[in-house]
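Here the structure is laid out as structure tokens; the discussion comes afterwards.
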Amino acid sequence: MRRSKETYVATGMHALLAFALALATAPAVAGDDPPVQFNRDVRPILTETCFACHGPDAAARKADLRLDVRDEAVEMGAIEPGEPDESTLVERIFSDEKTEMMPPPKSRKHLTAEQKDTLKRWIAQGAEYQAHWSLIAPERPESPTVSDASWVRNPIDAFVMARLDKEGLKPAPEADRRTLARRLSLDLVGLPPAPAEVEAFVADESPDAYEKYVDALLRSPSWGEHRGRYWLDVARYADTHGYHFDNYREMWSYRDWVIDAFNANMPFDRFTVEQLAGDLLPNPSLSQLVASGFNRCAMSTNEGGTIAEENLVGYTRDRTETVGAVYLGLTVGCAVCHDHKFDPLPQRELYELSAFFNNTTQPAYDGNVKDSKPVVPVPRAEDAERWEALPGLIAGAQAAVDARAKEARGSFDAWLAAQTPEALAAAAPDDDLVLNVGLPQGRPAAGAPRVEHQSPAIGDFEKDQAFSYAAWIKIPAKGAEGAVLARMDDAHGYRGWDLWLTGRKVGTHIVGEWPKDALRVLTTEDVPTDVWTHVLITYDGKGKAGGVKIHVDGKPRATTVTNDSLASSIRTDVPLKVGSRQVGSKSEGVGIAEVRVYARELSDADAADLAGLGRVADLLAKPVDGRSPAEVDAAFAWWLAGRDPVARDLSARLAALKKEREDILTRGTVAYVMHEKSEEASAFLLFRGEYDQRRDPLKAATPKALPPMPDDLPRDRLGFAKWLLRPEHPLTSRVTVNRFWQQLFGEGLVRTAGDFGVSGEAPSHPELLDWLAVEFRESGWDVKRFYKLMVTSSTYRQSAATTPEKLEKDPSNRLLARGPRFRMDAEMVRDYALAASGLLVDKLGGPSVRPYQPDGVWEAVAMPESNTKSYVRDTGEGLYRRSLYTFWKRAAPPASMETFNAPSREVCTVRRERTDTPLQALVTLNDPQFVEAARVLAQRVLVEAPSFEARADALARRVLSRPFRAEETAIVRQSRDRLAAYYADHADDAERLLTVGDAPRAPGVPAAEAAAWTMVASQVLNLDEALNK
Amino acid sequence: MDPIREHELFETRRALFRRGGSVAAASGLMSLLARDGLFSTPALAGSPTGGDDRQPPVPLHFAPKAKRVVFLHMVGGPSQMDLFDYKPVMNDWYDKDLPESIRSGQRLTTMTSGQARFPIAPSKYKFAQYGQNGMWVSEMLPHTAKMVDDLCFVRSMQTEDINHEPAMSRMQTGNQLPGKPCIGSWISYGLGSMNDDLPTFVVMVARPTNREQIQAISARLWSSGFLPGEHAGVSLRSAGDPILYIQNPQGVPVGVRREMLDGLNALNELNLRQMGDPETHTRIGQYELAFRMQASVPELTNTAGEPESTYQLYGEEARKPGTFAASLLLTRRMLERGVRFVQIYHNNWDHHGNLPGRMAYQCKDVDQPCYGFIQDLKRTGMLDDTLVIWGGEFGRTIYSQGGLSHDNYGRDHHPRCFTMWMAGGGSKAGLIHGETDEFSYNVVKDPVQIRDFHATLLRLLGYDHERFTYRYQGLDQKLTSVDPAHVVKELMA
């Protein structure tokens, strides 16, 4: 909408008139007029009222006019710098014409007279724009001068006090030592301090007592658990896949990595690089691969019918939005379907950004398995060293085996040359051999000859007798049904035993009376068909299926047991038969040769010999030049394993090492890792964000409104991570320190912790935020140092007590004229009760646990096929671990914690809600976890302290980190007395209350007293003071 | 604003309610325990029909027709052509391929996209016409057929999603991606509570008789999204405690709880004086509300006093906790007590195979209870301002998934058309809105998008969907999201 010449004339006249009017009133002379600041004064107005149609979103833009870019606004004539009356913007916003006025009436937006005036004055002053504050790299500001320099412990205090001075407020006095001990402990390790710890701190008169206490807390392993817990919200870590079946996902190794990283005080830049791109580092360590699980924490699906590409687009979007919120503090998801309405993020750039996270080999379906690829094995810590060493050891052992084979080949050749059929036959195990029927012609290559044999005397075994039976068999490709060998009475409950075939599997029945009184064992895998195969079954005479082994071609095989209950005799009068049972089950079409029955349990070595000698005999029967290398090699392998002690020992060593590796894998866990595709990172622009509406192919690139990515950085996640951490990056450090601040003070300096964009809230203390951001970065991203800086400030050390004046001026404590006080997060509320009662099990890491939860929480939402359908709670220490170890099912997060605003972990959460609801009261009053904690806490004070006063005091110190005041003691005494009287009269109720929870009762404590104190302990644990930091 | 003064005023009101005076001065344990068992529930707010004169927190834009909503979500997507969308011509098309022109461009789920053919499976059920409007209803729904004049049918519902998770999310939140508030949360946010001791928005997951193909239902469907957390649905469970942790621990009768709370409140009051934090005051109030709920929720769920006639109306299944029928009976009791929004999920409508084998169970589960419920609401007069909604997240295909015989077939997901019905709350009784083609595949007249449906629902409650917004991420977020939505005036009485 270019202005026509006429419009120029018209506005010109209008301007003259306006000028005349301005002269007639008080003229606004430059200098008198307070300067208008774009970011402070103008941008909020434009954002609220104008940008939706005249902002960054090209698709929604009206009249081709954008007001967020100065040049364009000027070129269009909307703004004539210094000439408000030449500016159509001013004309339109002051217009009363329905068709002319801006914003238009149907937008339902409205400018106040003051806002109009601001815009006009801004144009009059030259219409200077500023980039949005968060897009300008922070510089370290000078500490301001303040009214009371003695209050300033570090620059944080100077910035805070400068603002208080301006608002006419004074900081609150420093909180007392006990309050500070509790606050520090809760903030740094997430647990209440032990009473003795508090007293030691109170009694410490050294000048650095406070610092020493802070340092001690920072050294505690609980520090990493507590800090890690916040990060897990950000990383959307959970123990299930999320969608559809919502099956178990085994990725707690990532959770433990986060805890360890905080405990090791890993610098935040490394912490970032390893999580965003650990897999792309040169020769990544296992730990760095585990870290790359950050990008694998996203939900995934295996729903039948979903479209692979749609799933993949969704996964990439989640990874992009997560990184956007965590590092850029931008709601990049807003640009999925269209250009961002407020922030300089065109849709195209969003997809360029997403390309960094679009280059993974993760499949579209998670397979509903716990170790959905790509994963890597993670051995237990105690196995780690051995795990590292094993590949070398295995390679060495393998080399030794191979070398021995080379060395011994001559001996084998000589041995083979010396063999005769008679010698081979004589070498077969013959102790307790009770039957040996061969075929005169051996095992011919073609056809399926069978021995026909029957013997009433042979095989009359009892169930408590060990015996073994073997045969060479040749099964047709289609498989077969029936007995190879049996002494079994079909007519009398199938009493007896057999060697039988079903399909391509071989097995045995050992039967008193079928099917109740019988063993039935068969191979899990098919046996080879159309070739002669040796089968040996051994039974140890102990009446259990576990004592039955099936060897195929000389090696024991995995078996499946379907019947495992044998009580009565297996002896029968019917004869042993080859090829069928007494009456039926003839194994048609099956070749049978060299049937042997032994009255003992043959060893694995015997099994190998029976098969191996047979193979050698076959070999001997052929002329030397008719023997295939494979046949000879197979015979050699058998010979090495059984006839060469040196090779046998070397093989045993190799097998042991391999088994060790398997064992470490089995008892270890896995890590979900990122694995980059080989091609260059790319993505498609998706029209309206729809997976099947592909537009331009795009290469990975960072948003143009942010500092450029240097050319020498690779265009992949590693390059991206390094770009985030560059000193000129305006967001990473700011967004991070803001979240850290939020953890301690309840709200960030920017309250919208995930939105530093135009529509987010402006920082309450912009200079402080910048100072902190620079300080953190320049300290080498030292996390512990940064927390220490915050908690040693006077700002942090203030009393949380407020005054009506402060509430009036600053209800939500944005100005920090008092200390932080807010309801603890869900995990802290639970951990608090566990710690105060002494129930807390102090163990770091490991698989997630299942503490108390009401029945039916999972069942109500889960699909029947889900393997997280039934919640089976733990017993023992699993009930009392810190809450960050509680199993997190995304479709039904831990019920008591969800009530306290714990997120579902479906998507990244940078800021939890903090509500106060009756359902929360029901949790801390009635959840067995909390009732048990109260009960155990009560019995502890009853056992430890002799009098009411001492008990009440112990209770207060454990829960509140301070003694009761007299008026409090009076109330507690009244409660105790009344409750004790009730429970004295109602012994049944006392007993019932005292059986809540698995923890044992203290012996010798009277039930009425224990019950009354349980309720008193619950009372104290439910205090607002106990639930608040 | 002095929180301590304010709290004292609150205490005075609370004392009236508790008829007890200040806690510290409470008169001795024996009198307290004498209350045990005699302790009476505070009077229920409002009239027996849940009427209430408090103002909605978000001012209304129109005079409301409905003030309560009951949403019966048939999870999995009921087959429209086997229940309501009668297509007799299809009998001539048995096992013939669906014409390409009808299917044109349709995005299929990967469950049938690989099928070589798309053979038409005519409904095996008999249909007949009922009511003044001559609505065709399947023989599977004899009770629903009796009340077609009370219902407002929409046979032209459309959605964009072809799989359950996104489709259910769209139906409940207006968006296929998780993270947005559901309808119930929007209503709770806008209209607020009508009672003093029960939640505003309650969710029940009914247990279907047949469970062959249950779909996942998760708490994200009743999440408050970006709205404040108190607007999330409260799950009312059929087994165990109806509301999590509502029961006192064993060995803690109500008198003991009261004693404990009296002490707790007294201690909290001291702390409030010390710290001056208004949140302490709020917490005291929430503990008291929790205490009242402990009385009101068991009273709500205890149906022992229901007369025989109730079970004649809702069916015998209403005696079994957790069934759809029992959930509807509880719904009526909740509406009477001022619950604003009740959401019931009834699962297993996902009939990819063995549709006839399973349809009988599904219909038996819901048919009579829906009929009984509507009659009950009419009887109490509540139907006038209670909007009842029945429907799934999408429909099903006319062609068979897997094997087809005259008596057995399965149907895949179908987003292009499906049938829902409404009753009461200002919806137009006896209306049959929209038409589909002879294949029940495409809408040929009056399509209704889910966002249109949402807009209409809000309109009935007194809100203009364009103006009923919540500021989040700099935008005025709406239930109807960004695409233009239209109130379907025809659906309104």
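A note on labels: chains of the structure tokens are A, B, ... as shown, every chain counts residues from 1, and ligands are counted from 1 in their shown order.
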
>> as a VMD selection string, please: every residue in range 72-222 of chain A that DSSP puts in alpha helix (DSSP H).
In response: chain A and resid 72 to 75 88 to 94 113 to 124 155 to 167 177 to 188 195 to 203 209 to 219 221 to 222

Contact check, chain A to chain B, at most 6 Å, counting only C-alpha atoms, closest pairs as CSV:
residue,atom,partner,partner_atom,distance
A:His244,CA,B:Ala216,CA,5.4
A:Gly305,CA,B:Thr110,CA,4.2
A:Ser759,CA,B:Gly474,CA,4.5
A:Ala801,CA,B:Met275,CA,4.1
A:Thr802,CA,B:Gly276,CA,5.5
A:Pro804,CA,B:Asp2,CA,5.3
A:Val861,CA,B:Ile217,CA,4.9
A:Ala862,CA,B:Ala216,CA,5.6
A:Met863,CA,B:Ala216,CA,5.1
A:Ala891,CA,B:Ser218,CA,4.8
A:Thr917,CA,B:Gln286,CA,5.8
A:Pro918,CA,B:Ala290,CA,4.6
A:Ala921,CA,B:Tyr287,CA,5.6
A:Leu922,CA,B:Tyr245,CA,5.5
A:Val923,CA,B:Tyr245,CA,5.8
A:Asn926,CA,B:Asn248,CA,5.5
A:Asp927,CA,B:Tyr245,CA,5.9
A:Arg978,CA,B:Leu29,CA,5.3
A:Asp989,CA,B:Gly251,CA,3.9
A:Ala990,CA,B:Gly251,CA,5.9
A:Arg992,CA,B:Gly251,CA,5.0
A:Leu993,CA,B:Gly251,CA,4.5
A:Gln1019,CA,B:Leu264,CA,5.5

> Out of A:Ala558, A:Tyr494, A:Ala418, A:Gly541, which residue has the shortest atom-to-atom distance to Gly507 in chain A when counting only C-alpha atoms?
Replying inline: A:Ala558

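Across the model, the gap from CA of Gly333 in chain A to CA of Gln288 in chain A is 28.0 Å.
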
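Near Lys126 in chain B, within 12 Å and counting only C-alpha atoms, sit Met81, Asp82, Leu83, Phe84, Asp85, Tyr86, Lys87, Pro88, Asn91, Pro122, Ser123, Gln129, Trp136, Val137, Ser138, Glu139, Met140, Leu141 and Pro142 of chain B, not including residues fewer than 3 positions from it in the same chain.
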
With only C-alpha atoms counted and 12 Å as the cut-off, give the residues of range 62-89 of chain B in contact with range 326-344 of chain B, each with its shortest interatomic distance in Å and the pair that gives it, as a Markdown table.
| residue | atom | partner | partner_atom | distance |
| --- | --- | --- | --- | --- |
| B:Ala66 | CA | B:Arg340 | CA | 10.2 |
| B:Lys67 | CA | B:Arg340 | CA | 7.1 |
| B:Arg68 | CA | B:Arg340 | CA | 4.8 |
| B:Val69 | CA | B:Phe341 | CA | 4.8 |
| B:Val70 | CA | B:Val342 | CA | 4.8 |
| B:Phe71 | CA | B:Gln343 | CA | 4.9 |
| B:Leu72 | CA | B:Ile344 | CA | 5.0 |
| B:His73 | CA | B:Ile344 | CA | 6.1 |
| B:Met74 | CA | B:Ile344 | CA | 8.5 |
| B:Val75 | CA | B:Ile344 | CA | 9.8 |

>> Give me, as a list in words, all polymer residues having an atom no more than 9 Å from Phe468 in chain B, counting only C-alpha atoms and skipping those fewer than 3 positions away in the same chain.
In response: Val58, Leu60, His61, Trp186, Gly190, Leu458, Tyr463, Asp464, His465, Asp476, Gln477, Lys478 and Leu479 of chain B

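Nearest to Asn195 in chain B of all the residues B:Asn354, B:Ser296, B:Ser156, B:Asn175 is B:Ser296, based on only C-alpha atoms.
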
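If you measure from each of A:Ser147, A:Thr752, A:Ser961, A:Asn1028 to Ala800 in chain A using only C-alpha atoms, the closest one turns out to be A:Asn1028.
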
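The gap separating CA of Thr419 in chain B from CA of Asp437 in chain B is 13.4 Å, in Å to one decimal.
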
>> So that I can see what lies close to Arg627 in chain A, please list as a PyMOL selection string the residues with an atom at most 12 Å from it, counting only C-alpha atoms and leaving out residues fewer than 5 positions away in the same chain.
In response: chain A and resi 615-622+632-635

>> Need to verify the contact set: Arg396 in chain B, 7 Å, only C-alpha atoms, exclusion of same-chain residues closer than 3 positions in sequence. Can you return it as a PyMOL selection string?
In response: chain B and resi 77-80+411-414
